>>> print(open('start-v8.cif').read())   # mmCIF, C-alpha atoms and all ligand atoms
data_structure
#
loop_
_atom_site.group_PDB
_atom_site.id
_atom_site.type_symbol
_atom_site.label_atom_id
_atom_site.label_comp_id
_atom_site.auth_asym_id
_atom_site.auth_seq_id
_atom_site.Cartn_x
_atom_site.Cartn_y
_atom_site.Cartn_z
ATOM 1 C CA MET A 1 10.374 -19.389 14.417
ATOM 2 C CA GLY A 2 12.582 -18.299 11.527
ATOM 3 C CA LEU A 3 11.929 -16.417 8.294
ATOM 4 C CA TYR A 4 8.585 -16.339 6.536
ATOM 5 C CA ARG A 5 6.739 -14.243 3.943
ATOM 6 C CA ASP A 6 3.239 -12.893 4.124
ATOM 7 C CA GLN A 7 1.087 -10.152 2.680
ATOM 8 C CA GLY A 8 -0.609 -7.666 4.911
ATOM 9 C CA VAL A 9 -2.057 -4.251 5.585
ATOM 10 C CA VAL A 10 -0.276 -1.889 7.983
ATOM 11 C CA LEU A 11 -2.818 -0.855 10.636
ATOM 12 C CA ARG A 12 -0.629 1.513 12.606
ATOM 13 C CA THR A 13 2.945 2.456 13.384
ATOM 14 C CA MET A 14 4.724 3.803 16.423
ATOM 15 C CA ARG A 15 8.192 5.106 17.132
ATOM 16 C CA PHE A 16 10.524 2.740 18.864
ATOM 17 C CA GLY A 17 13.903 3.736 20.270
ATOM 18 C CA GLU A 18 16.113 6.179 18.363
ATOM 19 C CA ALA A 19 15.473 5.203 14.783
ATOM 20 C CA ASP A 20 13.186 2.190 14.708
ATOM 21 C CA ARG A 21 9.483 1.790 14.330
ATOM 22 C CA ILE A 22 7.012 -0.859 15.423
ATOM 23 C CA ILE A 23 4.248 -1.646 12.988
ATOM 24 C CA THR A 24 1.006 -3.455 13.654
ATOM 25 C CA ILE A 25 0.223 -5.402 10.534
ATOM 26 C CA PHE A 26 -2.818 -7.486 9.642
ATOM 27 C CA ALA A 27 -1.207 -10.316 7.706
ATOM 28 C CA GLN A 28 -3.220 -12.544 5.439
ATOM 29 C CA ASP A 29 -1.880 -15.884 6.693
ATOM 30 C CA ARG A 30 -0.688 -15.042 10.201
ATOM 31 C CA GLY A 31 -3.310 -12.545 11.317
ATOM 32 C CA LYS A 32 -2.469 -9.457 13.365
ATOM 33 C CA LEU A 33 1.087 -9.138 14.604
ATOM 34 C CA ARG A 34 3.601 -6.529 15.672
ATOM 35 C CA ALA A 35 6.997 -6.195 14.059
ATOM 36 C CA VAL A 36 10.069 -3.988 14.404
ATOM 37 C CA VAL A 37 11.309 -2.113 11.377
ATOM 38 C CA LYS A 38 14.942 -1.402 12.184
ATOM 39 C CA GLY A 39 16.182 2.020 11.095
ATOM 40 C CA ALA A 40 12.759 2.860 9.669
ATOM 41 C CA ARG A 41 13.049 6.517 10.595
ATOM 42 C CA LYS A 42 16.444 7.043 8.971
ATOM 43 C CA THR A 43 16.330 8.810 5.623
ATOM 44 C CA LYS A 44 18.354 5.998 4.068
ATOM 45 C CA SER A 45 15.917 3.334 5.288
ATOM 46 C CA ARG A 46 15.355 0.804 2.511
ATOM 47 C CA PHE A 47 11.691 0.246 3.166
ATOM 48 C CA GLY A 48 10.620 2.390 6.131
ATOM 49 C CA ALA A 49 8.410 4.597 3.961
ATOM 50 C CA ARG A 50 6.614 1.629 2.438
ATOM 51 C CA LEU A 51 5.431 0.492 5.832
ATOM 52 C CA ALA A 52 3.012 3.332 6.496
ATOM 53 C CA PRO A 53 -0.597 2.967 7.666
ATOM 54 C CA PHE A 54 -3.038 1.838 4.919
ATOM 55 C CA SER A 55 -0.209 0.254 2.860
ATOM 56 C CA CYS A 56 -0.710 -3.227 1.530
ATOM 57 C CA VAL A 57 2.684 -4.919 1.447
ATOM 58 C CA ASP A 58 4.455 -8.162 0.783
ATOM 59 C CA VAL A 59 6.828 -8.639 3.699
ATOM 60 C CA GLN A 60 9.510 -10.993 4.827
ATOM 61 C CA LEU A 61 9.567 -11.319 8.578
ATOM 62 C CA TYR A 62 11.732 -12.989 11.123
ATOM 63 C CA GLU A 63 10.099 -14.590 14.091
ATOM 64 C CA GLY A 64 12.353 -14.861 17.104
ATOM 65 C CA ARG A 65 11.602 -15.954 20.624
ATOM 66 C CA GLY A 66 9.791 -12.811 21.658
ATOM 67 C CA GLU A 67 6.373 -11.508 20.718
ATOM 68 C CA LEU A 68 7.830 -8.925 18.300
ATOM 69 C CA HIS A 69 8.734 -10.077 14.815
ATOM 70 C CA THR A 70 11.333 -8.249 12.687
ATOM 71 C CA VAL A 71 10.749 -6.996 9.152
ATOM 72 C CA SER A 72 13.645 -7.975 6.904
ATOM 73 C CA GLN A 73 12.152 -7.091 3.494
ATOM 74 C CA ALA A 74 9.101 -5.230 2.256
ATOM 75 C CA GLU A 75 7.627 -4.753 -1.213
ATOM 76 C CA LEU A 76 4.759 -2.416 -1.804
ATOM 77 C CA ILE A 77 1.644 -3.969 -3.331
ATOM 78 C CA ARG A 78 -0.585 -0.909 -3.009
ATOM 79 C CA SER A 79 0.234 2.137 -0.903
ATOM 80 C CA HIS A 80 -3.260 3.695 -0.749
ATOM 81 C CA THR A 81 -1.386 6.977 -0.217
ATOM 82 C CA SER A 82 -4.074 9.079 -1.890
ATOM 83 C CA ILE A 83 -6.278 8.406 1.164
ATOM 84 C CA SER A 84 -4.119 10.780 3.182
ATOM 85 C CA SER A 85 -4.586 13.574 0.633
ATOM 86 C CA ILE A 86 -8.132 14.359 1.802
ATOM 87 C CA TYR A 87 -8.630 14.822 5.535
ATOM 88 C CA ASP A 88 -12.083 13.175 5.668
ATOM 89 C CA ALA A 89 -10.770 10.176 3.773
ATOM 90 C CA TYR A 90 -7.808 9.942 6.115
ATOM 91 C CA LEU A 91 -10.126 9.997 9.152
ATOM 92 C CA CYS A 92 -12.271 7.298 7.586
ATOM 93 C CA GLY A 93 -9.194 5.155 6.897
ATOM 94 C CA GLN A 94 -8.101 5.633 10.516
ATOM 95 C CA VAL A 95 -11.472 4.410 11.761
ATOM 96 C CA MET A 96 -11.287 1.368 9.461
ATOM 97 C CA CYS A 97 -7.806 0.404 10.651
ATOM 98 C CA GLU A 98 -8.516 1.024 14.330
ATOM 99 C CA ALA A 99 -11.770 -0.935 14.227
ATOM 100 C CA VAL A 100 -10.031 -3.892 12.575
ATOM 101 C CA ASP A 101 -7.171 -3.672 15.073
ATOM 102 C CA ARG A 102 -9.616 -3.722 17.991
ATOM 103 C CA VAL A 103 -11.756 -6.563 16.673
ATOM 104 C CA LEU A 104 -8.865 -8.865 15.799
ATOM 105 C CA PRO A 105 -7.168 -11.055 18.354
ATOM 106 C CA ASP A 106 -3.396 -11.497 17.858
ATOM 107 C CA GLN A 107 -2.116 -13.991 15.307
ATOM 108 C CA THR A 108 -5.487 -15.315 14.178
ATOM 109 C CA PRO A 109 -6.058 -15.211 10.416
ATOM 110 C CA ASN A 110 -9.407 -13.815 9.341
ATOM 111 C CA PRO A 111 -9.761 -13.869 5.522
ATOM 112 C CA GLN A 112 -13.232 -12.304 5.539
ATOM 113 C CA LEU A 113 -12.120 -9.348 7.622
ATOM 114 C CA TYR A 114 -8.955 -9.032 5.530
ATOM 115 C CA ARG A 115 -11.039 -8.781 2.355
ATOM 116 C CA LEU A 116 -13.326 -6.239 4.004
ATOM 117 C CA LEU A 117 -10.416 -4.023 5.060
ATOM 118 C CA LEU A 118 -8.836 -4.137 1.607
ATOM 119 C CA ALA A 119 -12.201 -3.426 0.004
ATOM 120 C CA GLY A 120 -12.644 -0.486 2.392
ATOM 121 C CA LEU A 121 -9.246 1.043 1.640
ATOM 122 C CA CYS A 122 -9.571 0.499 -2.124
ATOM 123 C CA ALA A 123 -13.076 1.988 -2.050
ATOM 124 C CA LEU A 124 -11.765 5.009 -0.154
ATOM 125 C CA GLU A 125 -9.078 5.472 -2.761
ATOM 126 C CA GLY A 126 -11.648 5.234 -5.548
ATOM 127 C CA HIS A 127 -13.886 7.814 -3.871
ATOM 128 C CA VAL A 128 -10.897 10.140 -3.365
ATOM 129 C CA ALA A 129 -10.110 9.842 -7.093
ATOM 130 C CA ALA A 130 -13.735 10.671 -7.884
ATOM 131 C CA GLY A 131 -13.496 13.725 -5.624
ATOM 132 C CA VAL A 132 -16.242 12.782 -3.125
ATOM 133 C CA VAL A 133 -15.799 10.804 0.085
ATOM 134 C CA PRO A 134 -19.320 9.584 0.934
ATOM 135 C CA HIS A 135 -20.486 10.302 4.479
ATOM 136 C CA ALA A 136 -22.028 6.843 4.610
ATOM 137 C CA LEU A 137 -18.768 5.014 3.906
ATOM 138 C CA ARG A 138 -17.449 4.919 7.461
ATOM 139 C CA CYS A 139 -20.777 3.827 8.916
ATOM 140 C CA ALA A 140 -21.273 1.215 6.179
ATOM 141 C CA PHE A 141 -17.798 -0.181 6.823
ATOM 142 C CA LEU A 142 -18.500 -0.520 10.564
ATOM 143 C CA LEU A 143 -21.855 -2.165 9.862
ATOM 144 C CA LYS A 144 -20.160 -4.694 7.573
ATOM 145 C CA LEU A 145 -17.436 -5.223 10.164
ATOM 146 C CA LEU A 146 -20.088 -6.094 12.750
ATOM 147 C CA GLY A 147 -21.575 -8.519 10.228
ATOM 148 C CA VAL A 148 -18.203 -10.197 9.614
ATOM 149 C CA SER A 149 -17.763 -10.432 13.398
ATOM 150 C CA GLY A 150 -21.056 -12.308 13.685
ATOM 151 C CA VAL A 151 -23.055 -9.473 15.261
ATOM 152 C CA GLY A 152 -26.070 -9.319 12.955
ATOM 153 C CA PRO A 153 -27.146 -7.145 11.511
ATOM 154 C CA GLN A 154 -30.726 -8.392 11.364
ATOM 155 C CA LEU A 155 -32.468 -5.658 9.399
ATOM 156 C CA ARG A 156 -35.416 -7.390 7.709
ATOM 157 C CA ALA A 157 -37.405 -8.574 10.725
ATOM 158 C CA CYS A 158 -37.572 -8.060 14.479
ATOM 159 C CA VAL A 159 -34.498 -9.671 16.018
ATOM 160 C CA HIS A 160 -36.654 -11.123 18.841
ATOM 161 C CA CYS A 161 -39.953 -12.272 17.285
ATOM 162 C CA GLY A 162 -39.434 -12.167 13.511
ATOM 163 C CA GLU A 163 -42.212 -9.623 12.918
ATOM 164 C CA THR A 164 -41.624 -7.628 9.733
ATOM 165 C CA THR A 165 -44.019 -4.743 10.378
ATOM 166 C CA GLY A 166 -43.995 -2.020 13.016
ATOM 167 C CA LEU A 167 -40.200 -2.032 13.241
ATOM 168 C CA CYS A 168 -39.269 0.990 15.298
ATOM 169 C CA GLY A 169 -36.181 0.345 17.385
ATOM 170 C CA PHE A 170 -32.640 -0.956 17.209
ATOM 171 C CA ALA A 171 -31.457 -3.514 19.754
ATOM 172 C CA VAL A 172 -27.818 -2.519 20.056
ATOM 173 C CA PHE A 173 -26.913 -5.639 22.074
ATOM 174 C CA ASP A 174 -28.478 -8.050 19.595
ATOM 175 C CA GLY A 175 -27.434 -6.223 16.434
ATOM 176 C CA GLY A 176 -30.805 -5.797 14.791
ATOM 177 C CA VAL A 177 -34.105 -4.010 14.475
ATOM 178 C CA VAL A 178 -37.011 -4.620 16.868
ATOM 179 C CA CYS A 179 -40.776 -4.252 16.595
ATOM 180 C CA SER A 180 -42.935 -2.079 18.832
ATOM 181 C CA SER A 181 -43.984 -5.057 21.030
ATOM 182 C CA CYS A 182 -40.424 -6.246 21.651
ATOM 183 C CA ARG A 183 -38.703 -2.879 21.954
ATOM 184 C CA ARG A 184 -37.247 -2.349 25.403
ATOM 185 C CA ALA A 185 -36.766 1.022 27.041
ATOM 186 C CA SER A 186 -33.020 0.791 26.450
ATOM 187 C CA ASP A 187 -33.372 0.213 22.680
ATOM 188 C CA PRO A 188 -32.908 3.464 20.743
ATOM 189 C CA GLY A 189 -35.616 4.295 18.250
ATOM 190 C CA VAL A 190 -35.056 4.189 14.510
ATOM 191 C CA SER A 191 -37.288 5.625 11.796
ATOM 192 C CA ALA A 192 -38.413 3.761 8.674
ATOM 193 C CA LYS A 193 -36.009 5.951 6.721
ATOM 194 C CA GLY A 194 -33.191 4.947 9.070
ATOM 195 C CA ILE A 195 -33.999 1.262 8.587
ATOM 196 C CA SER A 196 -33.896 1.573 4.791
ATOM 197 C CA LEU A 197 -30.613 3.427 5.076
ATOM 198 C CA LEU A 198 -29.162 0.594 7.186
ATOM 199 C CA ARG A 199 -30.362 -1.955 4.614
ATOM 200 C CA MET A 200 -28.883 0.067 1.764
ATOM 201 C CA MET A 201 -25.498 0.330 3.515
ATOM 202 C CA TRP A 202 -25.486 -3.362 4.321
ATOM 203 C CA GLN A 203 -26.225 -4.383 0.728
ATOM 204 C CA THR A 204 -24.201 -1.845 -1.235
ATOM 205 C CA PRO A 205 -20.530 -2.567 -1.981
ATOM 206 C CA LEU A 206 -18.268 0.043 -0.344
ATOM 207 C CA ALA A 207 -16.914 1.158 -3.707
ATOM 208 C CA GLU A 208 -20.443 2.055 -4.839
ATOM 209 C CA MET A 209 -21.602 3.794 -1.658
ATOM 210 C CA PRO A 210 -23.641 6.902 -2.483
ATOM 211 C CA ASP A 211 -22.957 10.179 -0.701
ATOM 212 C CA VAL A 212 -25.916 10.226 1.666
ATOM 213 C CA HIS A 213 -26.058 11.561 5.211
ATOM 214 C CA THR A 214 -26.242 8.877 7.854
ATOM 215 C CA GLY A 215 -28.006 10.909 10.559
ATOM 216 C CA GLU A 216 -29.522 8.748 13.334
ATOM 217 C CA VAL A 217 -28.025 5.568 11.883
ATOM 218 C CA ASP A 218 -24.443 6.654 12.535
ATOM 219 C CA GLY A 219 -25.044 6.719 16.291
ATOM 220 C CA LEU A 220 -26.771 3.311 16.284
ATOM 221 C CA VAL A 221 -23.913 1.599 14.482
ATOM 222 C CA SER A 222 -21.336 3.283 16.726
ATOM 223 C CA LYS A 223 -23.277 2.151 19.805
ATOM 224 C CA ALA A 224 -23.493 -1.435 18.545
ATOM 225 C CA LEU A 225 -19.750 -1.423 17.859
ATOM 226 C CA GLU A 226 -19.013 0.140 21.237
ATOM 227 C CA TYR A 227 -21.008 -2.579 22.930
ATOM 228 C CA TYR A 228 -19.246 -5.285 20.923
ATOM 229 C CA LEU A 229 -15.777 -3.867 21.626
ATOM 230 C CA ASP A 230 -16.609 -2.940 25.179
ATOM 231 C CA GLY A 231 -15.249 0.530 24.520
ATOM 232 C CA ARG A 232 -15.198 3.355 22.052
ATOM 233 C CA LEU A 233 -12.928 3.781 19.046
ATOM 234 C CA ARG A 234 -10.516 6.633 19.646
ATOM 235 C CA SER A 235 -10.577 7.651 15.999
ATOM 236 C CA LEU A 236 -14.366 7.966 16.004
ATOM 237 C CA SER A 237 -14.076 11.049 18.151
ATOM 238 C CA PHE A 238 -11.848 12.856 15.629
ATOM 239 C CA ARG A 239 -14.016 15.357 13.852
ATOM 240 C CA SER A 240 -13.658 16.479 10.289
ATOM 241 C CA VAL A 241 -12.791 20.121 9.711
HETATM 242 ZN ZN ZN A 301 -40.699 -8.284 17.928
#
>>> encode(input="start-v8.cif", output="structure tokens")
Amino acid sequence: MGLYRDQGVVLRTMRFGEADRIITIFAQDRGKLRAVVKGARKTKSRFGARLAPFSCVDVQLYEGRGELHTVSQAELIRSHTSISSIYDAYLCGQVMCEAVDRVLPDQTPNPQLYRLLLAGLCALEGHVAAGVVPHALRCAFLLKLLGVSGVGPQLRACVHCGETTGLCGFAVFDGGVVCSSCRRASDPGVSAKGISLLRMMWQTPLAEMPDVHTGEVDGLVSKALEYYLDGRLRSLSFRSV
């Protein structure tokens, strides 16, 4: 209860009442929480514009009795606004924020995931500045998110028997590759090229991701995430133009 400060990334915003907005913010110390920004949609709002999706902010919040906190001050640390200037980058940022929102329980700090999200948004901004948003970035982010969530990925050896040769499938439920003897009918196949692509995405920092096509691997990572979340990400179905 009472006033406190925290830093966080705005995951999403929604209209609330006549002039207010509710933001979902992933705060460093408090974890994910929802807060009202009073008068956010008025042109004279002191900090409404700073609290947009992708923004990293230093906020002062008031915690009352209810579940909703209230924002009483906000300073911009990094707006990441350039992400919205390229549609593909914007879509990728949406997927990052939605995935984090879905994975995180309320009010549970998760420093590893926080660092991953910031790294993802900063990487996106860097790629936008360089003029190319790599196709592999979204998939690589989701793969790393699964890793941070404790779902593999086991990409060096068969997730069931440890065999390192004859790897030919991906066990979506176990988050790793499988060999020909362990592969079940429900495990989608993956080529040697696909496996090296997965390994590359897992090892390469997001800011250095090359612009390669993800092909078969994209679907495998989405399926693994879908299984983990017990549902699909809405933003994954938005297609680039
Ligand atoms: Zn095996």
>>> resolve_selection(input="start-v8.cif", expression="the PyMOL selection byres (((chain A and resi 173-177) around 9) and not hetatm)", output="PDB file with C-alpha atoms, in the coordinates of the input")
ATOM      1  CA  LEU A 146     -20.088  -6.094  12.750  1.00  0.00           C
ATOM      2  CA  GLY A 147     -21.575  -8.519  10.228  1.00  0.00           C
ATOM      3  CA  VAL A 151     -23.055  -9.473  15.261  1.00  0.00           C
ATOM      4  CA  GLY A 152     -26.070  -9.319  12.955  1.00  0.00           C
ATOM      5  CA  PRO A 153     -27.146  -7.145  11.511  1.00  0.00           C
ATOM      6  CA  GLN A 154     -30.726  -8.392  11.364  1.00  0.00           C
ATOM      7  CA  LEU A 155     -32.468  -5.658   9.399  1.00  0.00           C
ATOM      8  CA  ARG A 156     -35.416  -7.390   7.709  1.00  0.00           C
ATOM      9  CA  ALA A 157     -37.405  -8.574  10.725  1.00  0.00           C
ATOM     10  CA  CYS A 158     -37.572  -8.060  14.479  1.00  0.00           C
ATOM     11  CA  VAL A 159     -34.498  -9.671  16.018  1.00  0.00           C
ATOM     12  CA  HIS A 160     -36.654 -11.123  18.841  1.00  0.00           C
ATOM     13  CA  LEU A 167     -40.200  -2.032  13.241  1.00  0.00           C
ATOM     14  CA  CYS A 168     -39.269   0.990  15.298  1.00  0.00           C
ATOM     15  CA  GLY A 169     -36.181   0.345  17.385  1.00  0.00           C
ATOM     16  CA  PHE A 170     -32.640  -0.956  17.209  1.00  0.00           C
ATOM     17  CA  ALA A 171     -31.457  -3.514  19.754  1.00  0.00           C
ATOM     18  CA  VAL A 172     -27.818  -2.519  20.056  1.00  0.00           C
ATOM     19  CA  VAL A 178     -37.011  -4.620  16.868  1.00  0.00           C
ATOM     20  CA  CYS A 179     -40.776  -4.252  16.595  1.00  0.00           C
ATOM     21  CA  ARG A 183     -38.703  -2.879  21.954  1.00  0.00           C
ATOM     22  CA  ASP A 187     -33.372   0.213  22.680  1.00  0.00           C
ATOM     23  CA  VAL A 190     -35.056   4.189  14.510  1.00  0.00           C
ATOM     24  CA  ILE A 195     -33.999   1.262   8.587  1.00  0.00           C
ATOM     25  CA  VAL A 221     -23.913   1.599  14.482  1.00  0.00           C
ATOM     26  CA  LYS A 223     -23.277   2.151  19.805  1.00  0.00           C
ATOM     27  CA  ALA A 224     -23.493  -1.435  18.545  1.00  0.00           C
ATOM     28  CA  TYR A 227     -21.008  -2.579  22.930  1.00  0.00           C
ATOM     29  CA  TYR A 228     -19.246  -5.285  20.923  1.00  0.00           C
TER      30      TYR A 228
END
>>> resolve_selection(input="start-v8.cif", expression="the PyMOL selection byres (((chain A and resi 84-96) around 6) and not hetatm)", output="ChimeraX atom specification")
/A:81-83,97-99,138,235,240
>>> residues_near_point(input="start-v8.cif", point="(-9.9, 3.4, -2.8)", cutoff="10 Å", atoms="all atoms listed in the file", output="list in words")
His80, Thr81, Ser82, Ile83, Ala89, Gly93, Leu118, Ala119, Gly120, Leu121, Cys122, Ala123, Leu124, Glu125, Gly126, His127, Val128, Ala129, Ala130, Val133, Leu206 and Ala207 of chain A
>>> resolve_selection(input="start-v8.cif", expression="the PyMOL selection byres (((chain A and resi 33) around 6) and not hetatm)", output="list in words")
Thr24, Ile25, Lys32, Arg34 and Gln107 of chain A
>>> closest_residue(input="start-v8.cif", among="A:Gly2, A:Gly39, A:Gly162, A:Pro105", to="ligand ZN 301 (chain A)", atoms="all atoms listed in the file")
A:Gly162
>>> residues_around(input="start-v8.cif", residues="Ile77 of chain A", least_positions_apart="3", cutoff="7 Å", atoms="only C-alpha atoms", output="ChimeraX atom specification")
/A:56-58
>>> residues_around(input="start-v8.cif", residues="Val100 of chain A", least_positions_apart="3", cutoff="8 Å", atoms="all atoms listed in the file", output="JSON, numbers by chain")
{"A": [96, 97, 103, 104, 113, 117, 145]}
>>> atom_distance(input="start-v8.cif", atom1="atom CA of Asp101 of chain A", atom2="atom CA of Pro134 of chain A")
22.9 Å
>>> closest_residue(input="start-v8.cif", among="A:Ala35, A:Met201, A:Val59, A:Cys182", to="Glu163 of chain A", atoms="all atoms listed in the file")
A:Cys182
>>> residues_around(input="start-v8.cif", residues="Trp202 of chain A", least_positions_apart="2", cutoff="7 Å", atoms="all atoms listed in the file", output="ChimeraX atom specification")
/A:140,143-144,198-200,204
>>> build_atoms(input="start-v8.cif", residues="segment 200-227 of chain A", atoms="N, CA and C atoms", output="PDB file, in the frame of the given file")
ATOM      1  N   MET A 200     -29.640  -0.364   2.943  1.00  0.00           N
ATOM      2  CA  MET A 200     -28.883   0.067   1.764  1.00  0.00           C
ATOM      3  C   MET A 200     -27.380  -0.075   2.027  1.00  0.00           C
ATOM      4  N   MET A 201     -26.929   0.374   3.215  1.00  0.00           N
ATOM      5  CA  MET A 201     -25.498   0.330   3.515  1.00  0.00           C
ATOM      6  C   MET A 201     -24.986  -1.098   3.624  1.00  0.00           C
ATOM      7  N   TRP A 202     -25.861  -1.952   4.144  1.00  0.00           N
ATOM      8  CA  TRP A 202     -25.486  -3.362   4.321  1.00  0.00           C
ATOM      9  C   TRP A 202     -25.337  -4.049   2.968  1.00  0.00           C
ATOM     10  N   GLN A 203     -26.223  -3.691   2.023  1.00  0.00           N
ATOM     11  CA  GLN A 203     -26.225  -4.383   0.728  1.00  0.00           C
ATOM     12  C   GLN A 203     -25.271  -3.794  -0.305  1.00  0.00           C
ATOM     13  N   THR A 204     -24.989  -2.506  -0.189  1.00  0.00           N
ATOM     14  CA  THR A 204     -24.201  -1.845  -1.235  1.00  0.00           C
ATOM     15  C   THR A 204     -22.699  -2.059  -1.040  1.00  0.00           C
ATOM     16  N   PRO A 205     -21.990  -2.461  -2.102  1.00  0.00           N
ATOM     17  CA  PRO A 205     -20.530  -2.567  -1.981  1.00  0.00           C
ATOM     18  C   PRO A 205     -19.923  -1.207  -1.628  1.00  0.00           C
ATOM     19  N   LEU A 206     -18.863  -1.212  -0.828  1.00  0.00           N
ATOM     20  CA  LEU A 206     -18.268   0.043  -0.344  1.00  0.00           C
ATOM     21  C   LEU A 206     -17.846   0.960  -1.491  1.00  0.00           C
ATOM     22  N   ALA A 207     -17.377   0.357  -2.578  1.00  0.00           N
ATOM     23  CA  ALA A 207     -16.914   1.158  -3.707  1.00  0.00           C
ATOM     24  C   ALA A 207     -18.059   1.901  -4.389  1.00  0.00           C
ATOM     25  N   GLU A 208     -19.289   1.421  -4.177  1.00  0.00           N
ATOM     26  CA  GLU A 208     -20.443   2.055  -4.839  1.00  0.00           C
ATOM     27  C   GLU A 208     -21.311   2.868  -3.875  1.00  0.00           C
ATOM     28  N   MET A 209     -20.804   3.105  -2.671  1.00  0.00           N
ATOM     29  CA  MET A 209     -21.602   3.794  -1.658  1.00  0.00           C
ATOM     30  C   MET A 209     -21.972   5.213  -2.105  1.00  0.00           C
ATOM     31  N   PRO A 210     -23.268   5.541  -2.089  1.00  0.00           N
ATOM     32  CA  PRO A 210     -23.641   6.902  -2.483  1.00  0.00           C
ATOM     33  C   PRO A 210     -23.333   7.889  -1.347  1.00  0.00           C
ATOM     34  N   ASP A 211     -23.279   9.162  -1.701  1.00  0.00           N
ATOM     35  CA  ASP A 211     -22.957  10.179  -0.701  1.00  0.00           C
ATOM     36  C   ASP A 211     -24.234  10.653  -0.001  1.00  0.00           C
ATOM     37  N   VAL A 212     -24.718   9.830   0.920  1.00  0.00           N
ATOM     38  CA  VAL A 212     -25.916  10.226   1.666  1.00  0.00           C
ATOM     39  C   VAL A 212     -25.534  10.483   3.121  1.00  0.00           C
ATOM     40  N   HIS A 213     -26.325  11.298   3.797  1.00  0.00           N
ATOM     41  CA  HIS A 213     -26.058  11.561   5.211  1.00  0.00           C
ATOM     42  C   HIS A 213     -26.605  10.424   6.058  1.00  0.00           C
ATOM     43  N   THR A 214     -25.866  10.049   7.079  1.00  0.00           N
ATOM     44  CA  THR A 214     -26.242   8.877   7.854  1.00  0.00           C
ATOM     45  C   THR A 214     -27.138   9.212   9.040  1.00  0.00           C
ATOM     46  N   GLY A 215     -27.117  10.464   9.492  1.00  0.00           N
ATOM     47  CA  GLY A 215     -28.006  10.909  10.559  1.00  0.00           C
ATOM     48  C   GLY A 215     -28.059   9.972  11.750  1.00  0.00           C
ATOM     49  N   GLU A 216     -29.282   9.574  12.141  1.00  0.00           N
ATOM     50  CA  GLU A 216     -29.522   8.748  13.334  1.00  0.00           C
ATOM     51  C   GLU A 216     -28.772   7.411  13.288  1.00  0.00           C
ATOM     52  N   VAL A 217     -28.587   6.896  12.058  1.00  0.00           N
ATOM     53  CA  VAL A 217     -28.025   5.568  11.883  1.00  0.00           C
ATOM     54  C   VAL A 217     -26.556   5.489  12.330  1.00  0.00           C
ATOM     55  N   ASP A 218     -25.841   6.575  12.146  1.00  0.00           N
ATOM     56  CA  ASP A 218     -24.443   6.654  12.535  1.00  0.00           C
ATOM     57  C   ASP A 218     -24.261   6.311  14.013  1.00  0.00           C
ATOM     58  N   GLY A 219     -25.124   6.933  14.852  1.00  0.00           N
ATOM     59  CA  GLY A 219     -25.044   6.719  16.291  1.00  0.00           C
ATOM     60  C   GLY A 219     -25.388   5.278  16.671  1.00  0.00           C
ATOM     61  N   LEU A 220     -26.352   4.679  15.964  1.00  0.00           N
ATOM     62  CA  LEU A 220     -26.771   3.311  16.284  1.00  0.00           C
ATOM     63  C   LEU A 220     -25.636   2.325  16.006  1.00  0.00           C
ATOM     64  N   VAL A 221     -24.999   2.509  14.856  1.00  0.00           N
ATOM     65  CA  VAL A 221     -23.913   1.599  14.482  1.00  0.00           C
ATOM     66  C   VAL A 221     -22.728   1.784  15.439  1.00  0.00           C
ATOM     67  N   SER A 222     -22.433   3.036  15.775  1.00  0.00           N
ATOM     68  CA  SER A 222     -21.336   3.283  16.726  1.00  0.00           C
ATOM     69  C   SER A 222     -21.638   2.643  18.075  1.00  0.00           C
ATOM     70  N   LYS A 223     -22.902   2.736  18.512  1.00  0.00           N
ATOM     71  CA  LYS A 223     -23.277   2.151  19.805  1.00  0.00           C
ATOM     72  C   LYS A 223     -23.143   0.625  19.769  1.00  0.00           C
ATOM     73  N   ALA A 224     -23.581   0.023  18.678  1.00  0.00           N
ATOM     74  CA  ALA A 224     -23.493  -1.435  18.545  1.00  0.00           C
ATOM     75  C   ALA A 224     -22.028  -1.868  18.573  1.00  0.00           C
ATOM     76  N   LEU A 225     -21.179  -1.095  17.902  1.00  0.00           N
ATOM     77  CA  LEU A 225     -19.750  -1.423  17.859  1.00  0.00           C
ATOM     78  C   LEU A 225     -19.120  -1.242  19.243  1.00  0.00           C
ATOM     79  N   GLU A 226     -19.514  -0.167  19.892  1.00  0.00           N
ATOM     80  CA  GLU A 226     -19.013   0.140  21.237  1.00  0.00           C
ATOM     81  C   GLU A 226     -19.363  -0.995  22.197  1.00  0.00           C
ATOM     82  N   TYR A 227     -20.580  -1.486  22.065  1.00  0.00           N
ATOM     83  CA  TYR A 227     -21.008  -2.579  22.930  1.00  0.00           C
ATOM     84  C   TYR A 227     -20.179  -3.826  22.629  1.00  0.00           C
TER      85      TYR A 227
END
